[in-house]
Each structure stands twice: as C-alpha cells, then as structure tokens.
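Pasted below: coords16.txt, compact mmCIF, C-alpha atoms.
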```
# COMPACT_ATOMS: atom_id res chain seq x y z
CA MET A 1 0.00 0.00 0.00
CA LYS A 2 1.34 3.43 -0.93
CA ARG A 3 2.23 5.78 1.91
CA PRO A 4 -0.31 8.51 0.92
CA THR A 5 -3.09 5.92 0.94
CA ARG A 6 -2.06 4.69 4.39
CA PHE A 7 -1.96 8.27 5.63
CA ALA A 8 -5.42 8.98 4.19
CA LEU A 9 -6.84 5.88 5.87
CA LEU A 10 -5.24 6.88 9.18
CA CYS A 11 -6.75 10.36 8.95
CA HIS A 12 -10.13 8.84 8.13
CA LEU A 13 -9.91 6.57 11.18
CA VAL A 14 -9.02 9.49 13.45
CA VAL A 15 -12.04 11.45 12.18
CA ILE A 16 -14.35 8.47 12.78
CA LEU A 17 -13.04 8.01 16.32
CA ALA A 18 -13.38 11.70 17.07
CA LEU A 19 -16.96 11.75 15.85
CA GLY A 20 -17.72 8.64 17.86
CA MET A 21 -16.35 10.28 21.00
CA ALA A 22 -18.45 13.37 20.39
CA VAL A 23 -21.63 11.29 20.12
CA ALA A 24 -20.69 9.25 23.19
CA ASN A 25 -20.08 12.36 25.24
CA THR A 26 -23.34 13.91 24.06
CA ARG A 27 -25.15 10.88 25.40
CA GLN A 28 -23.62 10.97 28.83
CA MET A 29 -25.15 12.84 31.74
CA LEU A 30 -23.42 13.79 34.96
CA LEU A 31 -25.23 14.88 38.10
CA CYS A 32 -22.64 16.99 39.93
CA LEU A 33 -24.27 17.96 43.21
CA PRO A 34 -21.82 18.68 46.04
CA GLY A 35 -23.40 18.25 49.45
CA PHE A 36 -26.38 16.26 48.29
CA PRO A 37 -27.08 13.00 50.13
CA GLY A 38 -26.21 9.43 49.20
CA THR A 39 -23.43 7.83 47.19
CA SER A 40 -22.96 7.26 43.47
CA SER A 41 -23.89 3.59 43.78
CA GLN A 42 -26.97 4.27 45.93
CA ALA A 43 -28.25 6.83 43.43
CA GLN A 44 -27.54 4.83 40.26
CA PRO A 45 -30.92 3.02 40.02
CA TYR A 46 -32.72 6.37 40.24
CA VAL A 47 -30.38 8.00 37.73
CA ASP A 48 -31.04 5.11 35.35
CA LYS A 49 -34.81 5.61 35.73
CA MET A 50 -34.44 9.23 34.74
CA LEU A 51 -32.32 8.33 31.71
CA ARG A 52 -34.79 5.67 30.55
CA TYR A 53 -37.53 8.31 30.79
CA LEU A 54 -35.56 10.84 28.74
CA GLU A 55 -34.41 8.56 25.91
CA PRO A 56 -37.74 8.19 24.06
CA LYS A 57 -38.42 11.91 24.57
CA LEU A 58 -35.20 12.62 22.71
CA GLY A 59 -35.87 10.01 20.05
CA TRP A 60 -33.09 7.69 21.29
CA SER A 61 -33.27 3.96 21.89
CA ALA A 62 -33.22 2.49 25.42
CA GLY A 63 -29.78 2.34 26.98
CA THR A 64 -28.41 5.11 24.77
CA ILE A 65 -27.65 7.54 27.63
CA THR A 66 -25.38 6.71 30.55
CA GLY A 67 -25.30 8.76 33.73
CA LEU A 68 -23.51 9.15 37.04
CA TYR A 69 -24.30 10.97 40.29
CA LEU A 70 -21.35 12.68 42.03
CA PRO A 71 -21.94 14.28 45.46
CA ASP A 72 -18.26 15.08 46.08
CA GLY A 73 -17.29 18.45 44.64
CA ALA A 74 -13.67 17.69 43.80
CA ALA A 75 -14.53 14.36 42.17
CA ALA A 76 -17.43 15.96 40.28
CA SER A 77 -15.23 18.73 38.89
CA LYS A 78 -12.57 16.27 37.78
CA LYS A 79 -15.07 13.94 36.10
CA LEU A 80 -16.87 16.80 34.38
CA LEU A 81 -13.65 18.04 32.78
CA GLU A 82 -12.63 14.51 31.77
CA VAL A 83 -15.95 13.41 30.28
CA LYS A 84 -17.29 16.73 28.93
CA PRO A 85 -20.83 15.34 28.76
CA GLY A 86 -23.54 16.78 26.58
CA ILE A 87 -25.96 17.08 29.51
CA ALA A 88 -25.37 17.76 33.20
CA LEU A 89 -27.18 18.72 36.37
CA VAL A 90 -24.75 20.92 38.29
CA GLY A 91 -24.79 22.57 41.69
CA PRO A 92 -24.02 26.31 41.80
CA SER A 93 -20.38 25.82 42.84
CA ILE A 94 -19.75 23.52 39.87
CA TYR A 95 -21.57 25.83 37.47
CA ALA A 96 -19.67 28.91 38.65
CA ALA A 97 -16.30 27.20 38.24
CA HIS A 98 -16.81 25.53 34.86
CA GLN A 99 -19.57 27.33 32.95
CA LYS A 100 -17.16 29.45 30.91
CA ALA A 101 -14.62 26.76 30.00
CA LEU A 102 -17.29 24.22 29.04
CA ARG A 103 -19.65 26.80 27.51
CA MET A 104 -22.57 25.62 29.61
CA GLN A 105 -26.02 26.67 28.46
CA VAL A 106 -28.69 26.67 31.18
CA ILE A 107 -32.04 25.23 30.10
CA ALA A 108 -33.73 24.51 33.44
CA LYS A 109 -33.33 24.74 37.21
CA VAL A 110 -34.17 22.02 39.69
CA GLU A 111 -35.67 22.17 43.16
CA VAL A 112 -34.60 19.11 45.13
CA ASP A 113 -36.52 18.09 48.25
CA GLY A 114 -38.13 21.52 48.33
CA ARG A 115 -34.80 23.34 48.01
CA GLY A 116 -34.74 26.23 45.56
CA ALA A 117 -32.38 29.14 46.20
CA GLU A 118 -30.05 28.04 48.98
CA THR A 119 -28.18 29.71 51.82
CA TYR A 120 -25.19 28.39 53.72
CA ALA A 121 -24.45 28.83 57.41
CA ILE A 122 -21.18 28.70 59.30
CA VAL A 123 -21.60 26.83 62.56
CA THR A 124 -19.15 26.92 65.46
CA LYS A 125 -19.06 25.66 69.01
CA LYS A 126 -20.71 28.04 71.47
CA ASP A 127 -17.42 28.71 73.24
CA GLY A 128 -15.62 28.98 69.88
CA PRO A 129 -15.29 31.72 67.23
CA SER A 130 -18.31 34.03 67.22
CA SER A 131 -17.66 35.94 63.98
CA LEU A 132 -16.00 35.55 60.59
CA ALA A 133 -13.10 37.69 61.80
CA ALA A 134 -12.59 35.29 64.70
CA LEU A 135 -12.23 32.41 62.22
CA VAL A 136 -9.08 33.86 60.66
CA GLY A 137 -6.29 31.35 61.07
CA LYS A 138 -8.74 28.57 61.93
CA THR A 139 -10.33 25.78 59.87
CA ILE A 140 -13.87 25.13 58.64
CA GLU A 141 -15.17 21.90 57.19
CA GLY A 142 -17.92 21.22 54.68
CA THR A 143 -19.20 19.75 51.44
CA VAL A 144 -18.60 22.75 49.15
CA VAL A 145 -15.05 23.70 50.14
CA HIS A 146 -13.55 22.00 47.08
CA ASP A 147 -13.46 25.44 45.43
CA GLU A 148 -11.74 28.14 47.49
CA LYS A 149 -12.80 30.88 45.06
CA TYR A 150 -16.46 29.90 45.47
CA ILE A 151 -16.18 29.98 49.26
CA TYR A 152 -14.48 33.38 49.51
CA ASN A 153 -16.15 35.22 46.62
CA VAL A 154 -19.68 33.80 46.76
CA LEU A 155 -20.52 32.30 50.15
CA LEU A 156 -18.35 34.62 52.27
CA ASP A 157 -19.05 37.58 49.96
CA GLN A 158 -15.38 38.65 50.11
CA GLN A 159 -15.74 39.54 53.79
CA ILE A 160 -12.58 37.52 54.48
CA SER A 161 -9.47 37.58 52.26
CA PRO A 162 -8.63 34.35 50.41
CA GLY A 163 -6.42 31.95 52.32
CA LYS A 164 -7.23 33.39 55.74
CA ILE A 165 -9.36 30.38 56.77
CA GLY A 166 -8.35 26.75 56.40
CA LEU A 167 -10.77 24.66 54.33
CA LYS A 168 -11.29 20.95 54.90
CA SER A 169 -13.57 18.81 52.74
CA GLU A 170 -16.13 16.47 54.31
CA ILE A 171 -18.98 15.02 52.24
CA ARG A 172 -21.12 14.20 55.31
CA PRO A 173 -22.45 17.46 56.81
CA LEU A 174 -23.66 15.84 60.04
CA LYS A 175 -20.15 14.53 60.64
CA SER A 176 -18.84 18.08 60.24
CA LEU A 177 -21.28 19.31 62.88
CA ARG A 178 -20.25 16.48 65.19
CA ASN A 179 -16.60 17.37 64.64
CA VAL A 180 -17.35 20.97 65.63
CA ALA A 181 -19.14 19.87 68.81
CA ARG A 182 -16.18 17.63 69.72
CA GLY A 183 -13.62 20.33 69.06
CA ARG A 184 -12.02 18.51 66.14
CA VAL A 185 -12.58 21.42 63.75
CA ASP A 186 -13.29 25.11 64.38
CA GLY A 187 -16.38 25.44 62.21
CA ALA A 188 -18.64 23.79 59.65
CA ILE A 189 -20.30 25.26 56.60
CA VAL A 190 -23.69 23.66 55.93
CA ASP A 191 -26.69 24.35 53.75
CA ALA A 192 -30.06 25.53 55.05
CA SER A 193 -31.62 22.06 55.11
CA VAL A 194 -28.87 20.77 57.42
CA GLN A 195 -29.18 23.87 59.56
CA ARG A 196 -32.91 23.24 59.95
CA HIS A 197 -32.19 19.75 61.31
CA MET A 198 -29.55 20.94 63.77
CA ALA A 199 -32.07 21.33 66.58
CA SER A 200 -32.76 17.59 66.54
CA LEU A 201 -29.12 16.66 67.15
CA PRO A 202 -28.20 15.50 70.65
CA PHE A 203 -25.36 18.04 70.73
CA ALA A 204 -27.37 20.94 69.27
CA ASP A 205 -27.01 23.02 72.45
CA GLU A 206 -23.26 23.10 71.91
CA LEU A 207 -23.53 24.77 68.48
CA GLN A 208 -24.15 28.30 67.21
CA VAL A 209 -24.65 29.87 63.78
CA ILE A 210 -22.32 32.84 63.32
CA TYR A 211 -22.88 33.64 59.64
CA THR A 212 -25.42 33.04 56.89
CA SER A 213 -24.61 33.56 53.21
CA LYS A 214 -26.65 35.35 50.61
CA PRO A 215 -28.87 32.95 48.62
CA VAL A 216 -27.34 31.07 45.71
CA PRO A 217 -29.44 29.67 42.86
CA PRO A 218 -30.55 26.03 42.70
CA PRO A 219 -28.86 23.33 40.62
CA ALA A 220 -29.00 23.97 36.89
CA VAL A 221 -29.65 21.60 33.99
CA VAL A 222 -27.08 22.53 31.36
CA VAL A 223 -26.14 21.38 27.88
CA MET A 224 -22.64 21.55 26.45
CA GLY A 225 -20.90 20.85 23.16
CA GLU A 226 -22.96 18.60 20.91
CA GLY A 227 -25.60 18.49 23.64
CA ARG A 228 -26.72 21.96 22.60
CA LYS A 229 -28.40 20.40 19.56
CA HIS A 230 -30.82 18.62 21.88
CA ALA A 231 -31.52 21.59 24.18
CA GLU A 232 -35.12 22.23 23.14
CA LYS A 233 -36.19 18.58 23.24
CA LEU A 234 -34.51 18.10 26.59
CA LYS A 235 -36.08 21.25 28.01
CA LYS A 236 -39.53 20.17 26.83
CA ALA A 237 -39.06 16.73 28.43
CA LEU A 238 -37.90 18.08 31.78
CA VAL A 239 -39.77 21.30 32.51
CA GLY A 240 -42.96 20.50 34.38
CA LEU A 241 -42.01 16.83 34.72
CA CYS A 242 -42.92 16.69 38.42
CA GLN A 243 -46.44 17.92 37.73
CA ARG A 244 -47.16 15.44 34.91
CA PRO A 245 -48.76 12.06 35.65
CA ASP A 246 -45.94 10.18 33.92
CA GLY A 247 -43.29 12.01 35.93
CA GLN A 248 -44.66 12.33 39.44
CA ASP A 249 -43.42 8.94 40.70
CA LEU A 250 -40.02 9.52 39.13
CA CYS A 251 -39.70 12.93 40.79
CA ARG A 252 -40.66 11.52 44.17
CA ALA A 253 -38.02 8.79 43.82
CA LEU A 254 -35.38 11.41 43.00
CA MET A 255 -36.62 13.85 45.70
CA LEU A 256 -37.33 16.41 42.97
CA THR A 257 -39.94 19.01 43.86
CA SER A 258 -40.02 20.77 40.51
CA ILE A 259 -38.10 21.39 37.31
CA LEU A 260 -38.57 24.92 36.02
CA ALA A 261 -37.55 26.71 32.85
CA ALA A 262 -34.37 28.77 33.26
CA SER A 263 -31.66 30.44 31.24
CA ASP A 264 -28.13 31.77 31.64
CA ALA A 265 -29.63 35.05 32.87
CA ASP A 266 -30.86 33.33 36.06
CA TYR A 267 -27.23 32.59 36.96
CA LYS A 268 -25.73 35.94 35.93
CA ALA A 269 -25.41 37.22 39.52
CA LEU A 270 -23.69 33.99 40.58
CA LYS A 271 -21.15 34.30 37.74
CA LYS A 272 -20.51 37.94 38.59
CA ALA A 273 -19.93 37.18 42.28
CA TYR A 274 -17.64 34.25 41.50
CA ASN A 275 -15.49 36.08 38.96
CA ARG A 276 -15.02 39.45 40.69
```
Since I need it in another form, could you write the structure as structure tokens?
Amino acid sequence: MKRPTRFALLCHLVVILALGMAVANTRQMLLCLPGFPGTSSQAQPYVDKMLRYLEPKLGWSAGTITGLYLPDGAAASKKLLEVKPGIALVGPSIYAAHQKALRMQVIAKVEVDGRGAETYAIVTKKDGPSSLAALVGKTIEGTVVHDEKYIYNVLLDQQISPGKIGLKSEIRPLKSLRNVARGRVDGAIVDASVQRHMASLPFADELQVIYTSKPVPPPAVVVMGEGRKHAEKLKKALVGLCQRPDGQDLCRALMLTSILAASDADYKALKKAYNR
C-alpha cells in the first residue's frame, strides 16, 4: 500500500473516532451535586430511571444515555472536565467554576426536596469563634469547600481575604457538625436544610450559627458541546415533569420538587460574584 493511501486511511480513522467520541459524550449525563445525600452507587438506580424516561423523549433507543451521580465536589469537577458530557445537572459551585470553559447553556433549574435558592451557614461551638473575623487562622469543614474561590467570593461575599481560613472537605455534613461539637474542627459550613435539622441533634445546644450567606441559585440543567443540539427537546421533556402524571413517581423517587424553565440570565449574579 502506498504511503499517501495509508496516511489517508489513518486520517479517516481518526475522524471516525473523534466523531464517535463526540456522540458518546453527548449521550452521557453527569449529576454533579456537592453536598447532596447518598453515594454514586446508591443513586444509580434512580439515575437510570431518569435516563430511561428521557431517551424516548429525545428520540433515542433504550440504553443510549449513561449517567452518574457525584456528590463530592472535587470528584465531580474532575469527572466533568474529563468526560465533557452533553448534559449535566450541576450545583451552583460547579456551574460557577466551569460554565465558561465548558460553555454551559442553562435550560432549566431544579428544586430538590423543596430546596430552591439556597443559603449556607457557618456553625461553630458556642465557646468557639463568634464571627468571621474570629475564624481567621482557623479551619472550617464542609461539602462545598472544594473550590476556594467559590467559598471566599460567593458564600463569604469577600468579607474575608482568600487563604485566611483553612478549608477541609467532608462530604457528610452531620459529621462536620459532630466534629465541631467535639472540638475537632473550628467550624462547619452547611446548607439551610442541614441547619434546619440541627435542633434535633443531641449536641445541638453546643452549636451556634455565626454567619449566613446570601442565597445562591438552585442546581441547573445545562447542555454543552454537541448536547446543545438537543436543548429544546430536553427542556420540553424536563420542565414540568414533576407535575405530569408520567413524571410524578419519578420525581418523588429522586426527591425532585419541581423542574422549572431557566436560562443563563438566572445565573448571571452567581457568575458575577464568583469572577469578581
């Protein structure tokens, strides 16, 4: 075989493989939700149910889409950049960090277990730090501390300079609160739903809330890359799902309260706060 012919065949093969990867990535969905409960394996049956629901709506055969739930922020960020899926459900910290690089387009927003816009509280021991200033040089623990920029610019609203507080990741918020009560860490940063359950903890009297963040938007359904071609079909399939007879059981299984129409404009303030 002549060299030019071999080269042409090699180029053709590379193009085929590249196209195949693009299609594969389009038909992958990642659920990147730092701080949300459960593990990837526990959530997989419910993720699969959602994917089987979406496939016929998008005109795809059963088993076409694969998906994965990632409740750890660092792992979610790494996987998102590796896979570059066509579709993703991302928490606000993940969206803020990666929306520009991955050219995320918001098509919907999701309320999970009644949670829409979310606030975060910093909890310390009652005889511990009583203000953000008192936390300087100390360490806080939580589920969203994988991104220092998100913590300082968004949740702490630049009230403390970057690097002034130590950040320690812990995917189980109740463990963080227990560690605070036992003096193992100086503070914990938890979302509003965890804060609401604090009163029921046996060590609740030992804890205090010293700071509450401004609200951040709920998780966003985004499309990227080749996934943009399916944006309208996907949006039509998802928006209002929890109110439709064929979607109510699925939403209950996934703890979804509602899926609402949204756009990039709904996350403009988050992007501005993160990138200042």
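Residue nearest Glu141 in chain A, chosen from A:Gly128, A:Gly187, A:Gly59, A:Gly225 and counting only C-alpha atoms: A:Gly187.
The shell of residues at most 8 Å from Leu68 in chain A, with all atoms listed in the file counted and near chain neighbours (fewer than 2 positions) removed, consists of Met29, Leu30, Leu31, Ser40, Gln44, Val47, Thr66 and Leu70 of chain A.
Taking all atoms listed in the file into account, Lys271 in chain A lies nearest to A:Asn153 out of the set A:Thr119, A:Asn153, A:Ser61, A:Ser131.
CA of Val216 in chain A lies 24.7 Å from CA of Pro129 in chain A.
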For Gln195 in chain A, find every residue with an atom within 10 Å (counting only C-alpha atoms), except residues of its own chain fewer than 4 positions away, and show them as a ChimeraX atom specification.
/A:119-123,173-174,177,189-191,199,209
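Of the residues under consideration (A:Gly247, A:Gly166, A:Pro217, A:Pro34), A:Pro217 shows the shortest atom-to-atom contact distance to Asp266 in chain A when counting only C-alpha atoms.
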Dump as a PyMOL selection string all residues having an atom at most 12 Å from (-14.9, 17.0, 35.4), computed in the file's coordinates with all atoms listed in the file.
chain A and resi 29-32+68+70+72-85+88+90+94-95+97-99+101-102
Considering all atoms listed in the file, state which residue in the set A:Ser41, A:Gly86, A:Phe36, A:Leu54 is at the smallest distance from Arg228 in chain A.
A:Gly86
Neighbouring residues of Thr143 in chain A were defined as those with any atom within 6 Å, considering all atoms listed in the file; residues of the same chain fewer than 3 positions away were excluded. Please report them as JSON, numbers by chain.
{"A": [35, 169, 170, 171]}
Residues within 12 Å of Lys268 in chain A, all atoms listed in the file, excluding chain neighbours under 2 positions, as a PDB file with C-alpha atoms, keeping the file's coordinate frame:
```pdb
ATOM      1  CA  PRO A  92     -24.020  26.310  41.800  1.00  0.00           C
ATOM      2  CA  TYR A  95     -21.570  25.830  37.470  1.00  0.00           C
ATOM      3  CA  ALA A  96     -19.670  28.910  38.650  1.00  0.00           C
ATOM      4  CA  GLN A  99     -19.570  27.330  32.950  1.00  0.00           C
ATOM      5  CA  LYS A 100     -17.160  29.450  30.910  1.00  0.00           C
ATOM      6  CA  GLN A 105     -26.020  26.670  28.460  1.00  0.00           C
ATOM      7  CA  VAL A 106     -28.690  26.670  31.180  1.00  0.00           C
ATOM      8  CA  VAL A 216     -27.340  31.070  45.710  1.00  0.00           C
ATOM      9  CA  PRO A 217     -29.440  29.670  42.860  1.00  0.00           C
ATOM     10  CA  ALA A 262     -34.370  28.770  33.260  1.00  0.00           C
ATOM     11  CA  SER A 263     -31.660  30.440  31.240  1.00  0.00           C
ATOM     12  CA  ASP A 264     -28.130  31.770  31.640  1.00  0.00           C
ATOM     13  CA  ALA A 265     -29.630  35.050  32.870  1.00  0.00           C
ATOM     14  CA  ASP A 266     -30.860  33.330  36.060  1.00  0.00           C
ATOM     15  CA  LEU A 270     -23.690  33.990  40.580  1.00  0.00           C
ATOM     16  CA  LYS A 271     -21.150  34.300  37.740  1.00  0.00           C
ATOM     17  CA  LYS A 272     -20.510  37.940  38.590  1.00  0.00           C
ATOM     18  CA  ALA A 273     -19.930  37.180  42.280  1.00  0.00           C
ATOM     19  CA  TYR A 274     -17.640  34.250  41.500  1.00  0.00           C
ATOM     20  CA  ASN A 275     -15.490  36.080  38.960  1.00  0.00           C
TER      21      ASN A 275
END
```
Using only C-alpha atoms, which protein or nucleic acid residues come within 7 Å of Cys242 in chain A? Drop anything in the same chain fewer than 4 positions from it, and give the result as a ChimeraX atom specification.
/A:247-248,251,257-259
Here CA of Gly116 in chain A and CA of Glu232 in chain A stand apart by 22.8 Å
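Among A:Arg103, A:Lys125, A:Arg115, A:Lys57, the residue with the shortest atom-to-atom distance to Pro215 in chain A, counting only C-alpha atoms, is A:Arg115.
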